[in-house]
Structure formats: structure tokens, C-alpha cells
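Accompanying notes for the structure given below.
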Amino acid sequence: MKKEPTSHMAINRIRAAFEKAESEDRIALVPYVTVGFPELGLTTEIVRSIVEAGADVVELGVPFSDPLGEGPTIQASSHRALTNGVTPETCIEVVEDIRAAGIDVPIVFMGYYNNILSFGLDEYCTSASAAGVDGIIAADLPAAEAGPLQDACDSAGLSLIPLIALTSTDNAIEHACKRASGFVYCISVLGVTGARATVSDRVEGLANKVRGFTDLPVAIGFGISNADHVAEIARFADGAVVGSALINTLADGAADRAAKRAGEYIQSLTPGTPRKVVAN
């Protein structure tokens, strides 16, 4: 018998995570993990480890053969996961395993529209929600074309989380924020994902601009790789998304120690999370 979606629990769980971080006077940590990397059976263990280390929301990457927005690190992890046999169905099953293990952290699927479209918009959203997914990011889907997926997410009780770029116009930001829920993801760089030495100072202006169109939490991603980066964006953001640096950590050593390395890495970021008060 087909399970029903989890109503609006998903949206509430994301909101609650950001509210908890705010109540503790810190920003939320949002790590990205490619499902099935480095090995298929390790994702639940990795998620448990990073949650215990301080992750507030977890982005699970749904592997895709042509991830245009990703740099070499996440592209390689996606290729490895596909080689390991990971499909969108596998990703949904992994979320079921995570929830069965008692892990209640909000989970967001990060992927590409082709996978969702091939699966079927309503079926994808309903199945994901029933498994325990809280939100979806479709990295290559412009907000202006996201209406059908937004409708499917709304029906399934999922947040459709928009990606906002440094080059986004005011009209594009307003349109993206209009029906969004969960949080807004601001991209800190021009280009693809990847760990970088510094965080662009332009992203602060972008975050402030986004706040003119929504009351949703604002998270910053692409290029966040250490506690200093997290501390830098803690002055003006509500969350820090960490992807490539965590994937590098997972890749750097024996697979059976990957979860432990991931937890230690996330723990290393927590000193940067306290909110900074900017003097007028």
C-alpha cells in the first residue's frame, strides 16, 4: 500500500531547525552529502555522525549524470554514486532508512530537474515526502519555470527551496521568494560548487536584498569550507551550507572511517556558528 505524504510536517521541521539555531544565538549548519558516496551502505551512518556533530539540516545529493552546477569534487562523488548503482528510488529508500534509524533532522533533496521529471513530479514529491524528505532543491530549474514542481511540492507538503545567485535581478528574487518555504539558498560565488579560500563579500549584499522579499531564513552556500568562513557569514546569514569540503573529507581515507571523519569535520565548523552583532 502506498504511503501518504507527511502533510506539512516537512516545512515545520525545517522552520523548527532554524528557529532552534536562532534561539541558541547561532546560525544553522547545513551539510551536503551525496547519497551512496563513498559507498552505498554508508549514507545513514554518515548522516547520523554529522547530526551528532552539529548539523541542523542535511542536504542529500541525488546523483545525476550531468550536474551542471557542480564543481569537480561533487561531480566526482555523483559519478561514483551512479557507479555504485544509486537511483532516485535508492535515495528515497535511504531516507526511509535514516528515519527508521530514529534520525529526525530535516532532510532536503538537492538534485536536478531531469531526474524529477523522469520520475514524475507528483510521484517524486509524494514518495519523497512519505519517506521523510522535508524539501527539494532543483539546481537547474529557474524559478520562472518552477510552477508545476511548486504545485507538486505544495500538494506533498514539501518545501521548494530556491537558489538565488549573485546575478539574480530583483524581479527574479521576488519571483523565487513568492512561493518558497523552508529557507532561501543564496549562492556566494559566480560559478560552480567547490571549496574556496575566501567567501565573496558580494553575498552579504545579496542576502540583505533577499530579506527585502521574504522573512524566510537565508542560508549561504558554495565555497564554505572552514570555521572562519562560517563565522564570516554568521554576521548576516541564518545558515551555512557546506558541500565540497565535506565530500573531500569523505573521500580522503578508508570508507569504513568516512562517517567518523565527517563528524569530526562538522564539529570543526561549530566554533564559527555564533551569531555576530554588526555595530551601526
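Chains: A, B, ... in order of the C-alpha cells. Residues: from 1 per chain. Ligands: from 1, in order shown.
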
Got a sec: who's within 12 Å of Glu145 (chain A), counting only C-alpha atoms, leaving out chain neighbours fewer than 3 positions off, as a ChimeraX atom specification? /A:113,138,140-142,148-151,162,172,175-176

File dump, residues just selected, C-alpha atoms, as a compact mmCIF listing (two decimals), in the first residue's frame:
```
# COMPACT_ATOMS: atom_id res chain seq x y z
CA TYR A 113 15.07 18.56 -12.71
CA ALA A 138 16.18 21.60 -8.21
CA ASP A 140 18.88 23.75 -12.76
CA LEU A 141 15.23 24.82 -12.63
CA PRO A 142 14.66 28.59 -12.95
CA PRO A 148 4.48 22.66 -11.84
CA LEU A 149 7.10 21.42 -9.36
CA GLN A 150 5.98 24.01 -6.83
CA ASP A 151 2.41 22.72 -7.13
CA PRO A 162 15.02 28.47 -4.31
CA ALA A 172 13.89 37.14 -10.26
CA HIS A 175 9.51 35.67 -8.05
CA ALA A 176 11.68 32.97 -6.46
```

Need the shell around Ala219 (chain A): protein/DNA/RNA residues with any atom at most 8 Å away, counting only C-alpha atoms. Skip same-chain ones fewer than 5 positions apart. Format as a list in words? Phe183, Val184, Tyr185, Cys186, Ala237, Asp238, Gly239, Ala240 and Val241 of chain A

As a PyMOL selection string, please: the residues near Val133 (chain A) (cut-off 8 Å, only C-alpha atoms, same-chain neighbours under 2 positions excluded). chain A and resi 10+95+106-109+128-131+135+158

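Relative to CA of Ser78 (chain A), CA of Gly54 (chain A) is found at 24.5 Å.
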
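Ranking A:Tyr124, A:Tyr32, A:Tyr112, A:Phe213 by their shortest atom-to-atom distance to Asp66 (chain A), with only C-alpha atoms included, puts A:Tyr112 first.
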
So, with only C-alpha atoms as the atoms that count, which of A:Ile98, A:Cys125, A:Ala144, A:Ala81 lies closest to Glu45 (chain A)?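 Of A:Ile98, A:Cys125, A:Ala144, A:Ala81, the one nearest Glu45 (chain A), counting only C-alpha atoms, is A:Ile98.
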
Between CA of Ala251 (chain A) and CA of Val105 (chain A), distance in Å (one decimal): 23.5 Å

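Here CA of Ser225 (chain A) is placed at a distance of 29.1 Å from CA of Glu93 (chain A).
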
All residues 10 Å or closer to Asp25 (chain A), only C-alpha atoms, same chain fewer than 5 positions away omitted, as a PyMOL selection string: chain A and resi 19-20+273-276

How would the residues just picked look written out with C-alpha atoms as an mmCIF file, in the first residue's frame?
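As written to disk, result.cif reads:
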```cif
data_model
loop_
_atom_site.group_PDB
_atom_site.id
_atom_site.type_symbol
_atom_site.label_atom_id
_atom_site.label_comp_id
_atom_site.auth_asym_id
_atom_site.auth_seq_id
_atom_site.Cartn_x
_atom_site.Cartn_y
_atom_site.Cartn_z
ATOM 1 C CA GLU A 19 14.357 28.636 14.941
ATOM 2 C CA LYS A 20 16.281 26.377 17.325
ATOM 3 C CA THR A 273 28.413 29.442 14.151
ATOM 4 C CA PRO A 274 27.756 32.018 16.936
ATOM 5 C CA ARG A 275 25.863 34.982 15.521
ATOM 6 C CA LYS A 276 27.828 38.188 15.188
#
```

Give me, as a PyMOL selection string, all polymer residues having an atom no more than 9 Å from Asn226 (chain A), counting only C-alpha atoms and skipping those fewer than 6 positions away in the same chain. chain A and resi 242+245+265+268-269+272

Neighbour list for Val86 (chain A) as an NGL selection string, cut-off 12 Å, only C-alpha atoms, skip fewer than 5 positions in-chain: :A and (34-41 or 43 or 61-65 or 77-81 or 91-94)

Secondary structure check, strand (DSSP E) residues of region 217-270 of chain A, as a ChimeraX atom specification: /A:218-221,239-242

Can I get the selected residues back with N, CA, C and O atoms, as a PDB file, in the first residue's frame?
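This is the output file result.pdb:
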```pdb
ATOM      1  N   VAL A 218      17.799  32.751   5.538  1.00  0.00           N
ATOM      2  CA  VAL A 218      18.709  32.836   4.393  1.00  0.00           C
ATOM      3  C   VAL A 218      19.960  32.026   4.704  1.00  0.00           C
ATOM      4  O   VAL A 218      20.644  32.274   5.698  1.00  0.00           O
ATOM      5  N   ALA A 219      20.247  31.043   3.857  1.00  0.00           N
ATOM      6  CA  ALA A 219      21.452  30.226   4.003  1.00  0.00           C
ATOM      7  C   ALA A 219      22.401  30.536   2.852  1.00  0.00           C
ATOM      8  O   ALA A 219      21.970  30.819   1.737  1.00  0.00           O
ATOM      9  N   ILE A 220      23.696  30.478   3.139  1.00  0.00           N
ATOM     10  CA  ILE A 220      24.731  30.777   2.144  1.00  0.00           C
ATOM     11  C   ILE A 220      25.506  29.510   1.844  1.00  0.00           C
ATOM     12  O   ILE A 220      25.914  28.785   2.757  1.00  0.00           O
ATOM     13  N   GLY A 221      25.721  29.236   0.557  1.00  0.00           N
ATOM     14  CA  GLY A 221      26.479  28.055   0.168  1.00  0.00           C
ATOM     15  C   GLY A 221      27.391  28.314  -1.010  1.00  0.00           C
ATOM     16  O   GLY A 221      27.397  29.407  -1.581  1.00  0.00           O
ATOM     17  N   GLY A 239      22.157  30.523   7.972  1.00  0.00           N
ATOM     18  CA  GLY A 239      22.667  29.170   7.814  1.00  0.00           C
ATOM     19  C   GLY A 239      23.852  29.130   6.877  1.00  0.00           C
ATOM     20  O   GLY A 239      24.023  30.011   6.021  1.00  0.00           O
ATOM     21  N   ALA A 240      24.694  28.116   7.047  1.00  0.00           N
ATOM     22  CA  ALA A 240      25.857  27.893   6.191  1.00  0.00           C
ATOM     23  C   ALA A 240      25.759  26.502   5.582  1.00  0.00           C
ATOM     24  O   ALA A 240      25.637  25.509   6.309  1.00  0.00           O
ATOM     25  N   VAL A 241      25.785  26.437   4.247  1.00  0.00           N
ATOM     26  CA  VAL A 241      25.746  25.168   3.538  1.00  0.00           C
ATOM     27  C   VAL A 241      27.172  24.762   3.186  1.00  0.00           C
ATOM     28  O   VAL A 241      27.919  25.540   2.603  1.00  0.00           O
ATOM     29  N   VAL A 242      27.548  23.543   3.546  1.00  0.00           N
ATOM     30  CA  VAL A 242      28.908  23.054   3.320  1.00  0.00           C
ATOM     31  C   VAL A 242      28.834  21.782   2.480  1.00  0.00           C
ATOM     32  O   VAL A 242      28.211  20.800   2.890  1.00  0.00           O
TER      33      VAL A 242
END
```

Taking only region 11-228 of chain A into account, list the residues labelled alpha helix (DSSP H) by DSSP (computed from the backbone), as a ChimeraX atom specification. /A:11-23,43-53,72-83,88-100,113-119,121-131,147-156,170-178,202-211,227-228

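Proximity of A:Asn171, A:Asp215, A:Ala180, A:Glu232 to Val203 (chain A), computed with only C-alpha atoms, is greatest for A:Glu232.
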
For Ile14 (chain A), which residue among A:Val58, A:Ile74, A:Ile27, A:Ile103 is the nearest when counting only C-alpha atoms?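 Closest to Ile14 (chain A), using only C-alpha atoms: A:Val58.
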